[in-house]
Every structure is written in C-alpha cells, then in structure tokens.
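> Sharing a structure here in structure tokens format.
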Amino acid sequence: MGVSYRDGCKRNVPVSAVMGVWQAGTLTFRNVTVPVAKWVWQAGTLTFRNVTVSVAKWVWQARTLTFRGGQPLRQPLLFALEDGSFEGSDDPRSDRTVLSIFPEGLFMSANLRRSLILLSSLLLIASQTIWAEDWPQWRGPLRDGKSTETGLLTQWPEGGPKPVWEVSDLGSGYGTVAIRDGRIFLLGVKEGDSTLFSLDAADGKILWTLTLGRSLSHERGGGPRSTPTLDEDRVYALAENGNLVCADFESGQTVWQFNILDKFGGRNPKWLISESPLVDGDRLIVSPGGPDAAIVALNKTTGDVVWMSRGLSDSASYSSSIITDFNGTRLILAFTAKAAVGLRASDGMPLWRYEPVANRTANVATPVVEGDRVFFSSAYRTGAALLRMLPDGDGIGVEEVYFTREMQNHHGGVILLDGHIYGFSNSILSCINLATGELVWRDRSVGKGSLTYADGHLYLMGEDNVVGLALASPKGYEEKGRFEIEDQGWPSWAHPVVSGGRLYIRNQGVLTRYDVLAP
C-alpha cells in the first residue's frame with residue numbers, strides 16, 4: 001500500500017505503510033514516522049504524538065488543535081469520511097462523520113481511498129479494544145492503580161507473557177515508570193548520581209538523561225524511590241536526596257530545580273524520600289515535611305511557592321498525595337508521618353486530621369477515594385480506616401466509618417473496585433468489603449508485593465521476584481499465570497504498570513516490557 005508524505009522540504013517521499021506500529025502510538029512508514037491518532041473517544045479527544053484534536057463524539061464539530069503549551073492552532077486536515085471520500089477542510093460547521101484524521105501533508109491517491117477507509121475502520125475497532133490512556137504518573141491517570149485497557153490476555157502462557165525488550169543499565173531504585181506519547185520516564189542511578197531517564201517505548205533506547213545530584217543509599221537499597229510525573233510539555237521528578245526538578249519533556253533540559261528539604265526545612269525520612277509529585281492545575285504538590293510546610297504547593301511553571309500548609313508541620317512519610325472534590329471544595333488527601341490529613345487545595349489550609357491509621361514507622365500506601373469516602377491503610381501492626389467526609393461549619397471534617405486490621409498494607413498499594421478493596425495485607429493478598437471492612441478472601445498468591453488493575457485482572461509483583469496474574473473478583477482468588485524474574489539482589493518493590501497493551505516490570509536497574517495483548 002503506497003502513499004506519499006510531504007516531509008517539510010516541499011517534496012514527496014514514497015513510503016510503504018506498516019499497520020502493526022499503532023501499538024507504539026505512531027504509524028511508521030519505510031522512510032518516515034507519522035504521528036497519528038490514539039482514538040481516545042471516551043475523553044472526547046483524538047490524541048496525536050504532539051497534538052490533541054478536540055472532537056464531539058463521532059462528529060467533527062468546533063474543531064481545535066492544541067499543541068503542548070496550551071495554544072490552540074487551526075489548520076486544514078485531511079479527513080477520511082464515512083462515504084469513502086477524503087476531504088481537506090477548515091470548516092468547523094461540518095456535520096459529517098469522521099472515521100480517520102491525518103496530519104496535513106499526508107496524501108493518498110484515489111485508488112487507495114477504499115483500502116484506507118477499511119484500514120481506518122479496522123484500526124478504530126482495534127483501538128477501542130487496545131488503546132486507553134497513557135500512564136503519566138504514579139498509579140496511573142487517576143492515581144488509583146487502575147488502567148482502562150481492554151483486550152488483554154486472560155491467561156498467561158507457561159513461563160509468562162512474551163518479553164518485547166529489556167534495558168539493564170538504569171541503576172538502582174524502586175520507582176516505577178511513567179508513560180506518555182511513546183516515551184517512558186523513570187528514575188535510576190548513573191555514575192553515582194540520581195538520574196532521570198527518558199526512553200523510547202518502542203525499543204527501550206535511552207533518549208536523554210538528567211542528573212539530580214549524588215544518589216543516597218540505605219541498608220534497604222539505594223537510589224530514587226519515586227515515579228516521575230508527566231504534564232503537558234514538562235516532566236517533574238523528585239529524587240531520594242530531596243532534589244526536585246522540572247524538565248522539558250522532549251529535550252530533558254532543566255526548567256527549574258531546587259532541594260525541597262533545604263528550602264522548607266524538612267528532614268529526609270529514614271528510608272529516604274519516596275513521594276511522587278502531584279500536579280493540580282497550575283500547581284505542583286510535594287511534601288517537604290518542614291515547619292508549617294508539611295505539604296506545599298508550587299507554581300509548576302516557575303517553581304515559586306504558592307502556599308505552605310500553615311499549622312501543619314508533620315514530617316514527611318513515604319506516601320504520595322491525591323486530589324478529590326467534596327461539597328464544592330477541592331482537597332488534597334495525604335498521609336504524613338503522623339496522620340491521614342485533608343487540606344484545602346486552594347490555599348493549603350488543613351481541614352481534617354485522623355491519627356489512628358498512622359503508624360510511627362512508615363506510612364506508605366496512597367489513599368483511595370470514592371465520593372465522600374476515603375480509605376487509608378498502613379502496616380506495622382496497624383490496619384485500615386474508612387473515613388467519611390462531611391461538612392463541618394465552613395470547612396470539612398471526617399468521621400470514622402470503621403477501623404479494621406484485615407488490611408495492613410505496607411507499600412504495595414490497594415485497588416478499589418466495585419465496592420471491594422484488593423491489596424496485600426502484610427504478605428497475604430486480601431479482598432475486603434469497602435463498606436464494612438469485613439474480609440472476603442485471602443491468599444498467599446505471589447507473596448508480599450504490589451499490584452495494578454487492568455481488564456478484569458490484578459497484575460501482581462511479589463517482592464521475591466514473582467510476577468502473577470489473578471482474576472479481580474470478590475468470589476475468590478483465581479490465578480491466571482505467573483513467572484519469575486531474575487533476582488537483582490534487592491526486593492522487587494517497583495509497582496507493575498500496564499499501558500498500551502504492554503506490561504512494564506522494573507526491578508532495580510532492569511526494565512522489561514512484556515506483550516500482554518490478546519491475539
């Protein structure tokens with residue numbers, strides 16, 4: 001199937017289409033790679049590698065193009081229409097159904113139209129099964145550990161899914177990956193320095209690195225513990241030494257950088273900073289654990305301080321914050337070294353505090369929220385609490401719905417799904433009823449570990465180098481496959497990630513990409 005692509009030099013380059021690389025988010029031809037749409041219909045947009053096309057369901061209406069940086073740009077595109085024709089237009093009033101969109105400059109001969117319409121339809125059907133959102137931050141798009149991917153394997157073959165590639169020179173560290181637009185970002189160690197890595201998702205090739213200062217070590221392993229956060233054309237990363245950086249997504253050039261412990265008078269916790277930065281609108285949220293600065297908000301563009309948590313001076317623990325809205329107020333929910341807390345996102349005002357769920361050793365698990373209910377859990381003989389938020393005068397308070405010892409989650413995180421909580425209670429994979437806290441089932445599974453959810457299944461990562469797949473069901477534990485990975489000398493604590501039909505397993509300096517798409 002031949003087409004021509006205008007490469008920007010006012011000439012046409014003959015190329016041949018390769019269908020398979022839609023899995024990498026691009027349509028690759030013999031001599032050129034063309035960014036193409038990832039059909040994100042649920043979100044009302046079509047996303048190109050460098051451009052988002054706003055659409056209304058299946059109809060081309062009020063079309064705008066938004067490049068990174070937020071500036072809208074209007075320009076003609078070629079549209080594959082349902083009647084089999086191609087049309088270049090800049091008319092936002094058109095009500096014709098769009099099957100496919102190509103960047104301006106991708107030209108098709110007339111005899112290819114029928115074939116490309118068929119290809120567009122097939123890719124659209126396939127993409128609704130395969131493609132979901134990227135994984136742009138810790139625990140995914142909503143920080144809840146859940147992927148919207150479908151069309152994945154429901155049973156792994158003996159020995160596990162097929163590896164696509166492996167990279168083995170990323171240095172020590174426990175953080176997992178963030179993924180967007182065909183790029184992978186993670187923190188590791190290079191030549192003794194904590195380092196931000198940018199990799200090509202197609203082959204694992206390192207595209208650029210950025211140093212974040214000398215790496216720290218500990219008896220439980222050295223290197224960074226957190227996951228980078230991707231937002232617009234920026235990458236935000238927090239190293240275990242306290243250095244926070246905002247870098248350019250494409251080039252890796254530093255936009256701004258400083259040490260949050262030095263700036264806010266915080267103290268590095270015993271097992272080193274593990275928090276992953278949180279973006280909320282134009283702000284970046286981090287937890288230095290300093291005086292009146294347990295949590296702070298920064299201008300994400302400049303790094304300037306927007307607010308500090310006046311009246312809240314808890315030391316930082318190891319948990320990452322989340323955002324929610326309740327009763328017309330936007331809140332930051334966090335787990336400090338002493339308590340579960342809720343802060344008003346607009347100014348950092350502490351609104352509520354709950355201490356029984358916090359231990360005095362390490363509060364690690366990210367909270368999960370559903371409506372007015374928030375679930376926190378910690379280990380070290382502590383347990384879990386379901387809190388209900390409620391109006392309290394001009395503010396917001398919480399009441400305890402229950403406290404249970406059936407879920408003592410250490411660092412593996414929990415998944416809230418259809419009224420049930422799944423997670424490792426110490427070393428036992430457990431399912432409890434969210435409403436009551438009662439144990440539904442428990443199983444030793446892969447041993448103590450972490451988990452991620454996708455397409456009806458739990459992806460499990462045991463700290464003793466066992467990766468597993470199990471049905472996510474309150475009916476009981478049903479394993480769908482497992483395999484072992486090579487021991488790197490330290491526990492396997494990085495959470496698994498599922499994105500673009502691929503499973504990513506990071507174990508210290510080794511990152512492996514597995515194919516988990518169903519045939």
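Residue numbering restarts at 1 for every chain of the structure tokens, chains are lettered A, B, ... in their displayed order, and ligands are numbered from 1 as they appear.
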Determine, counting only C-alpha atoms, which protein, DNA and RNA residues have an atom within 7 Å of an atom of Ala358 of chain A; residues of the same chain fewer than 5 positions away are not included. Present the result as a list of chain:residue names.
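Everything that qualifies: A:Lys338, A:Ala339, A:Ala340, A:Asn363, A:Ser378.
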> If we count only C-alpha atoms and set the cut-off at 12 Å, which residues sit around Val189 of chain A, ignoring sequence neighbours fewer than 6 positions away in its own chain? Please answer as a PyMOL selection string.
chain A and resi 168-175+195-197+209-217+221-225+239-240+508-510
> Step one, run DSSP on the backbone; step two, keep only residues of segment 239-416 of chain A assigned to helix (DSSP H, G or I); then write them as a PyMOL selection string.
chain A and resi 260-264
> Selection from above, C-alpha atoms, as a compact mmCIF listing (two decimals), in the first residue's frame, can you write it?

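In the end it all went to out10.txt:
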# COMPACT_ATOMS: atom_id res chain seq x y z
CA ILE A 260 12.77 20.73 48.93
CA LEU A 261 14.43 19.76 52.23
CA ASP A 262 16.81 22.70 52.12
CA LYS A 263 14.14 25.15 51.02
CA PHE A 264 11.46 24.21 53.55
> Counting only C-alpha atoms, which residue out of A:Ser317, A:Ser499, A:Ser427, A:Asn259 sits closest to Lys146 of chain A?
A:Ser499
> For segment 244-254 of chain A, please output as a ChimeraX atom specification all residues within 6 Å (counting only C-alpha atoms; exclusion window: fewer than 3 positions along the same chain).
/A:233-238,257-259
